[in-house]
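Here's protein.cif, which has mmCIF, C-alpha atoms and all ligand atoms:
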data_work
loop_
_atom_site.label_atom_id
_atom_site.label_comp_id
_atom_site.auth_asym_id
_atom_site.auth_seq_id
_atom_site.Cartn_x
_atom_site.Cartn_y
_atom_site.Cartn_z
CA MET A 1211 -0.77 -15.58 23.67
CA LEU A 1212 1.60 -13.99 21.17
CA ALA A 1213 4.71 -11.98 22.02
CA SER A 1214 7.56 -10.50 20.00
CA VAL A 1215 10.55 -12.47 21.27
CA LEU A 1216 14.26 -11.85 20.62
CA HIS A 1217 15.96 -14.74 18.75
CA ASN A 1218 19.40 -14.39 17.16
CA ASP A 1219 19.23 -10.61 16.76
CA LYS A 1220 15.69 -10.57 15.36
CA PHE A 1221 12.30 -10.21 16.99
CA VAL A 1222 9.88 -13.01 16.12
CA VAL A 1223 6.18 -13.03 17.00
CA GLU A 1224 5.51 -16.41 18.58
CA GLU A 1225 3.34 -18.23 21.10
CA VAL A 1226 4.40 -17.82 24.76
CA ASP A 1227 2.67 -18.51 28.10
CA LYS A 1228 0.11 -15.91 29.07
CA PRO A 1229 0.96 -14.42 32.51
CA VAL A 1230 -1.20 -15.68 35.38
CA LEU A 1231 -2.46 -13.42 38.16
CA THR A 1232 -1.51 -15.21 41.38
CA ASP A 1233 -0.88 -12.21 43.69
CA ASN A 1234 -2.46 -8.76 43.84
CA GLY A 1235 -2.10 -6.86 40.57
CA ALA A 1236 -3.66 -6.85 37.15
CA ILE A 1237 -3.54 -8.35 33.68
CA ILE A 1238 -3.57 -5.74 30.94
CA LYS A 1239 -4.57 -6.56 27.36
CA VAL A 1240 -2.02 -4.58 25.35
CA ILE A 1241 -3.30 -2.29 22.62
CA GLY A 1242 0.09 -0.91 21.78
CA CYS A 1243 3.50 0.02 23.11
CA GLY A 1244 5.95 2.77 22.23
CA LEU A 1245 9.41 1.74 21.03
CA CYS A 1246 11.90 3.43 23.38
CA GLY A 1247 15.47 4.45 22.58
CA SER A 1248 16.51 2.26 25.51
CA ASP A 1249 14.87 -0.79 23.86
CA ILE A 1250 16.96 -0.04 20.78
CA VAL A 1251 20.16 0.36 22.85
CA LYS A 1252 19.44 -2.98 24.59
CA TYR A 1253 19.11 -4.52 21.15
CA THR A 1254 22.04 -2.89 19.33
CA HIS A 1255 24.46 -3.20 22.29
CA LYS A 1256 23.31 -6.82 22.73
CA LEU A 1257 22.33 -6.26 26.38
CA SER A 1258 19.20 -8.42 26.09
CA LYS A 1259 19.36 -12.19 26.17
CA ASP A 1260 17.70 -14.45 23.65
CA GLY A 1261 14.08 -14.97 24.63
CA ALA A 1262 13.67 -11.37 25.91
CA VAL A 1263 10.43 -9.43 25.35
CA LEU A 1264 11.00 -5.66 25.39
CA GLY A 1265 8.65 -2.66 25.57
CA HIS A 1266 7.59 -0.57 28.58
CA GLU A 1267 5.52 2.34 27.18
CA VAL A 1268 2.33 0.32 27.26
CA VAL A 1269 -1.27 1.31 26.68
CA GLY A 1270 -4.01 -1.25 27.11
CA LYS A 1271 -7.12 -2.37 28.91
CA ILE A 1272 -7.35 -4.02 32.33
CA VAL A 1273 -8.96 -7.44 31.88
CA GLU A 1274 -8.29 -9.00 35.30
CA ILE A 1275 -7.56 -7.44 38.68
CA LYS A 1276 -6.87 -8.62 42.25
CA GLY A 1277 -6.57 -6.64 45.49
CA ASN A 1278 -7.46 -3.07 46.41
CA SER A 1279 -6.60 -0.34 43.94
CA ASP A 1280 -8.15 2.61 42.11
CA PHE A 1281 -8.65 0.49 38.98
CA LYS A 1282 -11.30 -1.86 37.66
CA VAL A 1283 -11.72 -4.28 34.76
CA GLY A 1284 -12.35 -2.35 31.56
CA ASP A 1285 -10.18 0.66 32.48
CA MET A 1286 -7.97 1.93 29.68
CA VAL A 1287 -4.51 2.56 31.16
CA VAL A 1288 -0.93 3.53 30.42
CA ALA A 1289 1.71 1.53 32.31
CA ALA A 1290 5.46 1.88 32.94
CA HIS A 1291 7.75 -0.84 34.25
CA HIS A 1292 9.79 0.15 37.34
CA TYR A 1293 9.13 1.57 40.80
CA PRO A 1294 11.47 2.07 43.79
CA CYS A 1295 11.26 0.91 47.43
CA PHE A 1296 11.33 4.49 48.85
CA GLU A 1297 13.39 3.23 51.83
CA CYS A 1298 16.95 2.40 50.79
CA ASN A 1299 19.90 4.80 50.75
CA TYR A 1300 19.46 5.50 47.01
CA CYS A 1301 15.81 6.37 47.55
CA ARG A 1302 16.65 8.48 50.59
CA HIS A 1303 18.84 10.63 48.31
CA GLY A 1304 16.26 10.78 45.53
CA ASN A 1305 18.21 8.42 43.26
CA TYR A 1306 15.09 6.33 42.74
CA SER A 1307 16.22 4.80 39.47
CA MET A 1308 19.36 3.49 41.18
CA CYS A 1309 17.25 1.67 43.81
CA ARG A 1310 17.73 -2.10 43.46
CA SER A 1311 13.97 -2.63 43.76
CA PHE A 1312 13.48 -0.17 40.89
CA LYS A 1313 15.79 -2.22 38.70
CA ASN A 1314 14.21 -5.53 39.72
CA THR A 1315 10.56 -4.61 39.28
CA ASN A 1316 9.17 -5.18 35.80
CA ILE A 1317 6.04 -5.79 33.82
CA ILE A 1318 5.76 -9.41 32.67
CA PRO A 1319 6.80 -10.35 30.04
CA GLY A 1320 7.15 -6.93 28.30
CA GLY A 1321 5.03 -4.49 26.35
CA PHE A 1322 5.47 -6.14 22.95
CA SER A 1323 3.07 -8.93 23.85
CA GLU A 1324 -0.69 -9.46 23.86
CA TYR A 1325 -1.01 -9.40 27.65
CA ILE A 1326 1.17 -8.13 30.49
CA LYS A 1327 1.03 -8.66 34.23
CA VAL A 1328 1.58 -5.73 36.60
CA ASP A 1329 1.82 -6.02 40.40
CA GLU A 1330 0.20 -3.90 43.11
CA GLY A 1331 3.23 -1.56 43.23
CA HIS A 1332 2.81 -0.85 39.53
CA LEU A 1333 -0.89 -0.12 40.09
CA LYS A 1334 0.09 2.32 42.83
CA TYR A 1335 2.98 4.12 41.10
CA THR A 1336 3.29 3.47 37.37
CA VAL A 1337 -0.23 2.86 35.98
CA PHE A 1338 -2.61 5.71 35.08
CA LYS A 1339 -6.18 5.62 33.87
CA ILE A 1340 -6.54 7.20 30.42
CA PRO A 1341 -9.56 9.50 30.17
CA GLU A 1342 -11.80 9.51 27.08
CA ASN A 1343 -10.36 12.76 25.73
CA LEU A 1344 -6.74 11.56 25.73
CA ASP A 1345 -5.69 9.50 22.72
CA LEU A 1346 -3.70 6.34 23.38
CA ILE A 1347 -0.58 7.29 21.44
CA THR A 1348 -0.27 10.57 23.35
CA ALA A 1349 -0.76 8.66 26.62
CA SER A 1350 2.02 6.26 25.61
CA PHE A 1351 4.48 9.17 25.92
CA THR A 1352 4.03 9.20 29.72
CA GLU A 1353 7.18 7.19 30.49
CA PRO A 1354 9.57 8.84 27.99
CA LEU A 1355 8.34 12.30 28.98
CA SER A 1356 8.74 11.45 32.67
CA CYS A 1357 12.42 10.57 32.13
CA CYS A 1358 12.87 14.04 30.58
CA TYR A 1359 10.88 15.76 33.29
CA ARG A 1360 13.07 14.25 35.97
CA ALA A 1361 16.24 15.34 34.11
CA VAL A 1362 14.91 18.89 33.90
CA ARG A 1363 14.00 18.87 37.57
CA ARG A 1364 17.51 17.74 38.56
CA MET A 1365 19.02 20.74 36.76
CA GLU A 1366 17.17 23.30 38.93
CA LEU A 1367 16.74 25.76 36.05
CA LEU A 1368 15.93 29.40 36.72
CA LYS A 1369 13.15 31.29 35.03
CA GLY A 1370 14.40 32.77 31.77
CA ASP A 1371 17.41 30.44 31.49
CA ARG A 1372 18.60 29.74 27.95
CA VAL A 1373 18.53 25.98 27.69
CA GLY A 1374 20.08 23.99 24.85
CA ILE A 1375 18.91 20.61 23.66
CA VAL A 1376 21.59 18.80 21.64
CA GLY A 1377 19.91 16.14 19.51
CA LEU A 1378 16.36 16.68 18.31
CA GLY A 1379 14.97 13.18 18.07
CA SER A 1380 11.76 12.35 19.90
CA ILE A 1381 13.49 12.60 23.30
CA GLY A 1382 15.05 15.96 22.44
CA ILE A 1383 11.62 17.29 21.44
CA LEU A 1384 10.11 16.06 24.73
CA MET A 1385 13.04 17.39 26.77
CA GLY A 1386 12.70 20.86 25.26
CA GLN A 1387 9.01 21.01 26.04
CA ALA A 1388 9.58 19.65 29.57
CA ALA A 1389 12.18 22.39 30.17
CA LYS A 1390 9.80 24.98 28.78
CA THR A 1391 7.25 24.19 31.52
CA PHE A 1392 9.84 25.83 33.85
CA ASP A 1393 9.58 29.16 31.96
CA THR A 1394 12.88 28.80 30.16
CA LYS A 1395 13.95 29.64 26.59
CA ILE A 1396 14.54 26.50 24.56
CA ILE A 1397 17.29 26.34 21.96
CA GLY A 1398 17.48 23.25 19.76
CA LEU A 1399 20.71 22.02 18.14
CA ASP A 1400 21.06 19.21 15.63
CA ILE A 1401 23.08 18.40 12.52
CA LYS A 1402 19.94 17.63 10.45
CA ASP A 1403 17.91 20.57 9.16
CA GLU A 1404 14.66 18.56 8.98
CA ARG A 1405 14.90 17.93 12.73
CA LEU A 1406 15.31 21.67 13.37
CA LYS A 1407 12.05 22.19 11.51
CA VAL A 1408 10.27 19.62 13.70
CA ALA A 1409 11.61 21.34 16.84
CA LYS A 1410 10.28 24.69 15.61
CA GLU A 1411 6.86 23.08 15.16
CA HIS A 1412 7.05 21.84 18.75
CA ASN A 1413 7.51 25.11 20.55
CA PHE A 1414 11.30 25.60 20.48
CA ASP A 1415 12.29 29.28 20.65
CA GLU A 1416 15.45 29.04 18.52
CA VAL A 1417 17.06 26.27 16.47
CA TYR A 1418 20.57 25.97 15.00
CA ASN A 1419 22.42 23.51 12.87
CA SER A 1420 25.38 22.82 15.19
CA MET A 1421 27.70 22.27 12.19
CA ASN A 1422 27.22 25.94 11.20
CA LEU A 1423 27.75 27.59 14.59
CA ASP A 1424 30.96 29.61 14.69
CA LYS A 1425 30.49 31.19 18.09
CA SER A 1426 29.21 30.01 21.45
CA LEU A 1427 25.55 30.52 22.36
CA GLU A 1428 26.66 30.81 26.02
CA LEU A 1429 23.80 28.60 27.21
CA ASP A 1430 22.93 28.29 30.90
CA ALA A 1431 22.18 24.61 30.65
CA ILE A 1432 22.47 21.89 28.02
CA PHE A 1433 20.80 18.49 27.71
CA LEU A 1434 22.58 15.87 25.64
CA THR A 1435 19.88 13.78 23.99
CA ALA A 1436 21.73 12.66 20.86
CA GLY A 1437 23.79 9.65 21.90
CA ALA A 1438 26.55 10.83 19.54
CA ASP A 1439 30.23 11.29 20.44
CA LEU A 1440 30.19 14.72 18.77
CA SER A 1441 27.56 16.05 21.18
CA VAL A 1442 30.07 16.29 24.06
CA LYS A 1443 32.19 18.67 21.97
CA THR A 1444 29.10 20.71 21.06
CA ALA A 1445 28.11 20.94 24.72
CA LEU A 1446 31.55 22.20 25.79
CA GLU A 1447 31.51 24.83 23.04
CA GLN A 1448 27.96 26.06 23.67
CA ILE A 1449 27.78 26.09 27.49
CA ARG A 1450 28.61 29.29 29.36
CA ASP A 1451 31.23 29.28 32.12
CA GLY A 1452 29.56 27.98 35.27
CA GLY A 1453 26.82 26.23 33.27
CA LYS A 1454 25.25 22.82 33.74
CA ILE A 1455 25.30 19.88 31.35
CA CYS A 1456 22.92 16.95 31.64
CA VAL A 1457 24.02 13.66 30.09
CA PHE A 1458 20.87 11.92 28.92
CA ALA A 1459 22.01 9.44 26.29
CA SER A 1460 24.62 6.72 26.03
CA THR A 1461 27.33 7.16 23.43
CA LYS A 1462 28.75 4.44 21.21
CA SER A 1463 32.08 4.44 23.00
CA ASP A 1464 33.29 5.57 26.40
CA THR A 1465 35.95 7.80 24.81
CA PRO A 1466 34.30 11.25 24.66
CA CYS A 1467 35.12 12.52 28.14
CA PHE A 1468 34.42 15.78 29.89
CA PRO A 1469 37.97 17.17 30.28
CA ASN A 1470 38.98 17.55 33.91
CA ASN A 1471 40.46 21.02 33.52
CA GLU A 1472 37.53 22.39 31.60
CA VAL A 1473 35.14 21.18 34.31
CA TYR A 1474 37.44 22.74 36.94
CA TYR A 1475 38.47 26.11 35.48
CA ARG A 1476 35.10 26.77 33.85
CA GLU A 1477 33.20 25.55 36.92
CA LEU A 1478 30.95 23.28 34.89
CA THR A 1479 28.46 20.93 36.49
CA VAL A 1480 27.85 17.63 34.71
CA TYR A 1481 24.77 15.66 35.74
CA GLY A 1482 23.50 12.28 34.67
CA SER A 1483 19.81 11.56 34.77
CA TYR A 1484 18.40 8.11 34.22
CA SER A 1485 14.75 7.05 34.23
CA PRO A 1486 12.00 8.71 36.29
CA ALA A 1487 10.79 8.79 39.88
CA PRO A 1488 7.11 7.86 40.39
CA SER A 1489 6.27 11.55 40.94
CA ASP A 1490 7.70 12.35 37.49
CA LEU A 1491 5.48 9.71 35.87
CA LYS A 1492 2.46 11.26 37.53
CA LYS A 1493 3.48 14.77 36.52
CA SER A 1494 4.17 13.83 32.93
CA PHE A 1495 0.84 12.00 32.61
CA GLU A 1496 -0.85 15.20 33.82
CA LEU A 1497 1.10 17.38 31.37
CA LEU A 1498 -0.01 15.14 28.49
CA LYS A 1499 -3.59 15.00 29.74
CA ASP A 1500 -3.70 18.79 30.04
CA LYS A 1501 -2.26 19.14 26.50
CA LYS A 1502 0.80 21.03 27.80
CA ILE A 1503 3.12 18.90 25.67
CA ASN A 1504 2.73 18.58 21.91
CA VAL A 1505 3.51 15.09 20.59
CA GLU A 1506 1.77 15.51 17.25
CA ASN A 1507 3.39 14.15 14.10
CA MET A 1508 6.15 12.36 15.98
CA THR A 1509 4.94 8.76 15.81
CA GLU A 1510 4.66 6.12 13.08
CA ILE A 1511 2.45 3.12 13.77
CA TYR A 1512 3.83 -0.36 13.02
CA ASN A 1513 2.03 -3.67 13.20
CA PHE A 1514 3.02 -6.15 15.88
CA ASP A 1515 5.06 -8.29 13.44
CA LYS A 1516 7.02 -5.27 12.16
CA LEU A 1517 9.14 -4.55 15.25
CA ASN A 1518 12.39 -5.23 13.35
CA GLU A 1519 11.42 -2.68 10.69
CA ALA A 1520 10.44 -0.15 13.36
CA ILE A 1521 13.88 -0.52 14.98
CA ALA A 1522 15.68 -0.21 11.63
CA ASP A 1523 13.65 2.86 10.63
CA THR A 1524 14.31 4.56 13.98
CA LEU A 1525 18.03 3.80 13.78
CA SER A 1526 18.31 5.13 10.22
CA GLY A 1527 16.47 8.32 11.22
CA LYS A 1528 13.62 7.62 8.78
CA ILE A 1529 11.13 8.03 11.66
CA MET A 1530 11.30 9.76 15.05
CA LYS A 1531 9.31 7.35 17.16
CA ALA A 1532 7.49 4.07 16.61
CA PHE A 1533 4.31 2.84 18.24
CA ILE A 1534 3.84 -0.90 17.94
CA LYS A 1535 0.19 -1.81 17.53
CA VAL A 1536 -0.47 -5.10 19.31
CA GLY A 1537 -4.24 -5.51 19.76
CA GLU A 1538 -7.62 -3.81 19.50
ZN ZN B 1601 11.05 4.41 27.55
ZN ZN B 1602 15.04 2.12 47.19
#

Turn this file's structure into structure tokens for me.
Ligand SMILES: [Zn+2]
Ligand SMILES: [Zn+2]
Amino acid sequence: MLASVLHNDKFVVEEVDKPVLTDNGAIIKVIGCGLCGSDIVKYTHKLSKDGAVLGHEVVGKIVEIKGNSDFKVGDMVVAAHHYPCFECNYCRHGNYSMCRSFKNTNIIPGGFSEYIKVDEGHLKYTVFKIPENLDLITASFTEPLSCCYRAVRRMELLKGDRVGIVGLGSIGILMGQAAKTFDTKIIGLDIKDERLKVAKEHNFDEVYNSMNLDKSLELDAIFLTAGADLSVKTALEQIRDGGKICVFASTKSDTPCFPNNEVYYRELTVYGSYSPAPSDLKKSFELLKDKKINVENMTEIYNFDKLNEAIADTLSGKIMKAFIKVGE
């Protein structure tokens, strides 16, 4: 089968071994896979080794299955890559994405390939059957939305809270809508006016260009979805005393810190949130299925052999989100 494999900083579509179903699980024929910000970080920060196949926002069709599950051959599904053990100390505290089993489970070889293998744990926790009335690209947002939903859940927002989203890329747009399902007011901040417009079209209550703000919006909570050093400064300016900040993106350097005394005297709470719990995947699939989240006009489709272009166009801000079309 063909897969898009990393070689010397470029992805090359080449022949690799098709995964074989030896234990319980399934083989999924990939129709397409969303390009995640984390795939791009793995690539730009050189965290992936040569020979790696990325992609974990997979939609496809089950073509082989073994063992007992709710699925059958022919089912159209969306699949994510990690699930926890539910038993270790991390899991006991709800830090599912820190669970070592979570980090070690994966789809094989990765979503940017013609076929993937999932195991019985995936079938139980990370794979969902796509109904006829849900289009595949919308379904492919299950995993990225679930990461946002978990972040929102961790913040324990109150009804009516004024919630800021700093960075209005595809994740910012999803985060805002996830927060809005908790009856909050969503305020979008970005330095690009065209992104403010997109946020407005996706149900944000207010939007501001953060370069033009001369006073604090006194927000109850802020999500940092930009991955820019400047966003830490924006968060500290726009949060109210006693407010909560959720760090949801890596920055280029480790230098922008939350100052000790500001956290102390202003009684700020700084959370990190990384990846979803299985319950968040399930919830986000339901939100998409029930059309509670609008993902229209966010995605550009790229052919399988155009992964490098999709990465470059996402990095340059030309597009918000890429969907890599692999098969029929
Ligand atoms: Zn993702
Ligand atoms: Zn665990």

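You can rank A:Leu1231, A:Leu1257, A:Cys1301, A:Ile1238 by their closest distance to ligand ZN 1602 (chain B) using only C-alpha atoms and all ligand atoms, and at the top of that list sits A:Cys1301.
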
With 12 Å as the cut-off and all atoms listed in the file counted, what is the closest atom pair between each nearby residue of chain A and ligand ZN 1602 (chain B)? Distances in Å to one decimal, ordered by chain and number, as JSON lines.
{"residue": "A:His1292", "atom": "CA", "partner": "B:ZN1602", "partner_atom": "ZN", "distance": 11.3}
{"residue": "A:Tyr1293", "atom": "CA", "partner": "B:ZN1602", "partner_atom": "ZN", "distance": 8.7}
{"residue": "A:Pro1294", "atom": "CA", "partner": "B:ZN1602", "partner_atom": "ZN", "distance": 4.9}
{"residue": "A:Cys1295", "atom": "CA", "partner": "B:ZN1602", "partner_atom": "ZN", "distance": 4.0}
{"residue": "A:Phe1296", "atom": "CA", "partner": "B:ZN1602", "partner_atom": "ZN", "distance": 4.7}
{"residue": "A:Glu1297", "atom": "CA", "partner": "B:ZN1602", "partner_atom": "ZN", "distance": 5.0}
{"residue": "A:Cys1298", "atom": "CA", "partner": "B:ZN1602", "partner_atom": "ZN", "distance": 4.1}
{"residue": "A:Asn1299", "atom": "CA", "partner": "B:ZN1602", "partner_atom": "ZN", "distance": 6.6}
{"residue": "A:Tyr1300", "atom": "CA", "partner": "B:ZN1602", "partner_atom": "ZN", "distance": 5.6}
{"residue": "A:Cys1301", "atom": "CA", "partner": "B:ZN1602", "partner_atom": "ZN", "distance": 4.3}
{"residue": "A:Arg1302", "atom": "CA", "partner": "B:ZN1602", "partner_atom": "ZN", "distance": 7.4}
{"residue": "A:His1303", "atom": "CA", "partner": "B:ZN1602", "partner_atom": "ZN", "distance": 9.4}
{"residue": "A:Gly1304", "atom": "CA", "partner": "B:ZN1602", "partner_atom": "ZN", "distance": 8.9}
{"residue": "A:Asn1305", "atom": "CA", "partner": "B:ZN1602", "partner_atom": "ZN", "distance": 8.1}
{"residue": "A:Tyr1306", "atom": "CA", "partner": "B:ZN1602", "partner_atom": "ZN", "distance": 6.1}
{"residue": "A:Ser1307", "atom": "CA", "partner": "B:ZN1602", "partner_atom": "ZN", "distance": 8.3}
{"residue": "A:Met1308", "atom": "CA", "partner": "B:ZN1602", "partner_atom": "ZN", "distance": 7.5}
{"residue": "A:Cys1309", "atom": "CA", "partner": "B:ZN1602", "partner_atom": "ZN", "distance": 4.1}
{"residue": "A:Arg1310", "atom": "CA", "partner": "B:ZN1602", "partner_atom": "ZN", "distance": 6.2}
{"residue": "A:Ser1311", "atom": "CA", "partner": "B:ZN1602", "partner_atom": "ZN", "distance": 6.0}
{"residue": "A:Phe1312", "atom": "CA", "partner": "B:ZN1602", "partner_atom": "ZN", "distance": 6.9}
{"residue": "A:Lys1313", "atom": "CA", "partner": "B:ZN1602", "partner_atom": "ZN", "distance": 9.6}
{"residue": "A:Asn1314", "atom": "CA", "partner": "B:ZN1602", "partner_atom": "ZN", "distance": 10.7}
{"residue": "A:Thr1315", "atom": "CA", "partner": "B:ZN1602", "partner_atom": "ZN", "distance": 11.3}
{"residue": "A:Ala1487", "atom": "CA", "partner": "B:ZN1602", "partner_atom": "ZN", "distance": 10.8}
{"residue": "A:Pro1488", "atom": "CA", "partner": "B:ZN1602", "partner_atom": "ZN", "distance": 11.9}

May I ask for the distance between atom CA of A:Asn1218 and atom CA of A:Val1240, given in Å to one decimal place? 24.9 Å

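Between atom CA of A:Lys1502 and atom CA of A:Glu1428 lies a distance of 27.7 Å.
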
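Among the candidates A:Thr1232, A:Thr1435, A:Ser1258, A:Ser1350, the one nearest to ligand ZN 1601 (chain B) when counting only C-alpha atoms and all ligand atoms is A:Ser1350.
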
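Atom to atom, atom CA of A:Gly1377 and atom CA of A:Asn1471 stand 25.3 Å apart.
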
Neighbours of ligand ZN 1601 (chain B) at 7 Å or closer, counting all atoms listed in the file: which residues, as number ranges by chain? A: 1246-1248, 1266-1267, 1353-1354

Export, as a JSON list (two decimals), keeping the file's coordinate frame, the selected residues with C-alpha atoms.
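Written out: result.json:
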[["chain", "number", "residue", "atom", "x", "y", "z"],
["A", 1246, "CYS", "CA", 11.90, 3.43, 23.38],
["A", 1247, "GLY", "CA", 15.47, 4.45, 22.58],
["A", 1248, "SER", "CA", 16.51, 2.26, 25.51],
["A", 1266, "HIS", "CA", 7.59, -0.57, 28.58],
["A", 1267, "GLU", "CA", 5.52, 2.34, 27.18],
["A", 1353, "GLU", "CA", 7.18, 7.19, 30.49],
["A", 1354, "PRO", "CA", 9.57, 8.84, 27.99]]

Sorted per-residue table, stretch 1219-1313 of chain A near stretch 1458-1462 of chain A, closest atoms and distance, 12 Å, all atoms listed in the file, as JSON lines:
{"residue": "A:Gly1247", "atom": "CA", "partner": "A:Ala1459", "partner_atom": "CA", "distance": 9.0}
{"residue": "A:Ser1248", "atom": "CA", "partner": "A:Ala1459", "partner_atom": "CA", "distance": 9.1}
{"residue": "A:Ile1250", "atom": "CA", "partner": "A:Ser1460", "partner_atom": "CA", "distance": 11.5}
{"residue": "A:Val1251", "atom": "CA", "partner": "A:Ser1460", "partner_atom": "CA", "distance": 8.4}
{"residue": "A:Lys1252", "atom": "CA", "partner": "A:Ser1460", "partner_atom": "CA", "distance": 11.1}
{"residue": "A:Thr1254", "atom": "CA", "partner": "A:Lys1462", "partner_atom": "CA", "distance": 10.1}
{"residue": "A:His1255", "atom": "CA", "partner": "A:Lys1462", "partner_atom": "CA", "distance": 8.8}

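Closest approach to A:Val1457 among A:Tyr1481, A:Phe1514, A:Tyr1474, A:Phe1414 is made by A:Tyr1481 (distances from all atoms listed in the file).
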
For the interface of stretch 1264-1295 of chain A with stretch 1332-1346 of chain A (cut-off 6 Å, counting only C-alpha atoms), please tabulate each contacting residue of stretch 1264-1295 of chain A alongside its nearest pair of atoms and their separation in Å to one decimal, rows sorted by chain and increasing number, as JSON lines.
{"residue": "A:Met1286", "atom": "CA", "partner": "A:Ile1340", "partner_atom": "CA", "distance": 5.5}
{"residue": "A:Val1287", "atom": "CA", "partner": "A:Lys1339", "partner_atom": "CA", "distance": 4.4}
{"residue": "A:Val1288", "atom": "CA", "partner": "A:Phe1338", "partner_atom": "CA", "distance": 5.4}
{"residue": "A:Ala1289", "atom": "CA", "partner": "A:Val1337", "partner_atom": "CA", "distance": 4.4}
{"residue": "A:Ala1290", "atom": "CA", "partner": "A:Thr1336", "partner_atom": "CA", "distance": 5.2}

Residue nearest A:Ile1241 - candidates A:Val1442, A:Leu1497, A:Val1536, A:Ile1455, atoms counted: all atoms listed in the file: A:Val1536

Test item: which residues lie within 9 Å of (3.4, 8.3, 26.3) counting all atoms listed in the file, as a PyMOL selection string: chain A and resi 1243-1244+1267-1269+1288+1346-1356+1494-1495+1498+1505

Nearest residue to A:Ala1361 out of A:Glu1411, A:Asp1490, A:Glu1510, A:Glu1519, using only C-alpha atoms? A:Asp1490

Got a sec: who's within 12 Å of stretch 1367-1371 of chain A, counting all atoms listed in the file, leaving out chain neighbours fewer than 4 positions off, as a ChimeraX atom specification? /A:1359,1361-1363,1388-1397,1415,1428-1433,1449-1450,1453-1456

Output file for the residues above (C-alpha atoms, as a PDB file, in the frame of the given file):
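Result file follows (out.pdb):
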ATOM      1  CA  TYR A1359      10.880  15.760  33.290  1.00  0.00           C
ATOM      2  CA  ALA A1361      16.240  15.340  34.110  1.00  0.00           C
ATOM      3  CA  VAL A1362      14.910  18.890  33.900  1.00  0.00           C
ATOM      4  CA  ARG A1363      14.000  18.870  37.570  1.00  0.00           C
ATOM      5  CA  ALA A1388       9.580  19.650  29.570  1.00  0.00           C
ATOM      6  CA  ALA A1389      12.180  22.390  30.170  1.00  0.00           C
ATOM      7  CA  LYS A1390       9.800  24.980  28.780  1.00  0.00           C
ATOM      8  CA  THR A1391       7.250  24.190  31.520  1.00  0.00           C
ATOM      9  CA  PHE A1392       9.840  25.830  33.850  1.00  0.00           C
ATOM     10  CA  ASP A1393       9.580  29.160  31.960  1.00  0.00           C
ATOM     11  CA  THR A1394      12.880  28.800  30.160  1.00  0.00           C
ATOM     12  CA  LYS A1395      13.950  29.640  26.590  1.00  0.00           C
ATOM     13  CA  ILE A1396      14.540  26.500  24.560  1.00  0.00           C
ATOM     14  CA  ILE A1397      17.290  26.340  21.960  1.00  0.00           C
ATOM     15  CA  ASP A1415      12.290  29.280  20.650  1.00  0.00           C
ATOM     16  CA  GLU A1428      26.660  30.810  26.020  1.00  0.00           C
ATOM     17  CA  LEU A1429      23.800  28.600  27.210  1.00  0.00           C
ATOM     18  CA  ASP A1430      22.930  28.290  30.900  1.00  0.00           C
ATOM     19  CA  ALA A1431      22.180  24.610  30.650  1.00  0.00           C
ATOM     20  CA  ILE A1432      22.470  21.890  28.020  1.00  0.00           C
ATOM     21  CA  PHE A1433      20.800  18.490  27.710  1.00  0.00           C
ATOM     22  CA  ILE A1449      27.780  26.090  27.490  1.00  0.00           C
ATOM     23  CA  ARG A1450      28.610  29.290  29.360  1.00  0.00           C
ATOM     24  CA  GLY A1453      26.820  26.230  33.270  1.00  0.00           C
ATOM     25  CA  LYS A1454      25.250  22.820  33.740  1.00  0.00           C
ATOM     26  CA  ILE A1455      25.300  19.880  31.350  1.00  0.00           C
ATOM     27  CA  CYS A1456      22.920  16.950  31.640  1.00  0.00           C
TER      28      CYS A1456
END

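Among the candidates A:Leu1427, A:Pro1319, A:Ser1463, A:Leu1264, the one nearest to A:Asp1439 when counting only C-alpha atoms is A:Ser1463.
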
Shell of 12 Å around stretch 1406-1409 of chain A, all atoms listed in the file, local chain residues under 5 positions omitted, as number ranges by chain: A: 1374-1387, 1396-1401, 1414-1420, 1504-1508, 1529-1530

Exercise on stretch 1502-1505 of chain A, axis-aligned box with 6 Å per side, report centre and edge lengths in Å to one decimal, as AutoDock Vina command-line options:
--center_x 2.2 --center_y 18.1 --center_z 24.2 --size_x 14.7 --size_y 17.9 --size_z 19.2

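Every protein or nucleic acid residue with an atom no more than 6 Å from A:Ser1214, counting all atoms listed in the file and leaving out same-chain residues fewer than 4 positions away, appears here: Phe1221, Val1222, Val1223 and Phe1322 of chain A.
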
Taking (8.1, -3.5, 30.0) as a centre in this file's frame and 6 Å as the limit, can you find every polymer residue with an atom that close, using only C-alpha atoms, and give them as a ChimeraX atom specification? /A:1264-1266,1291,1317,1320-1321
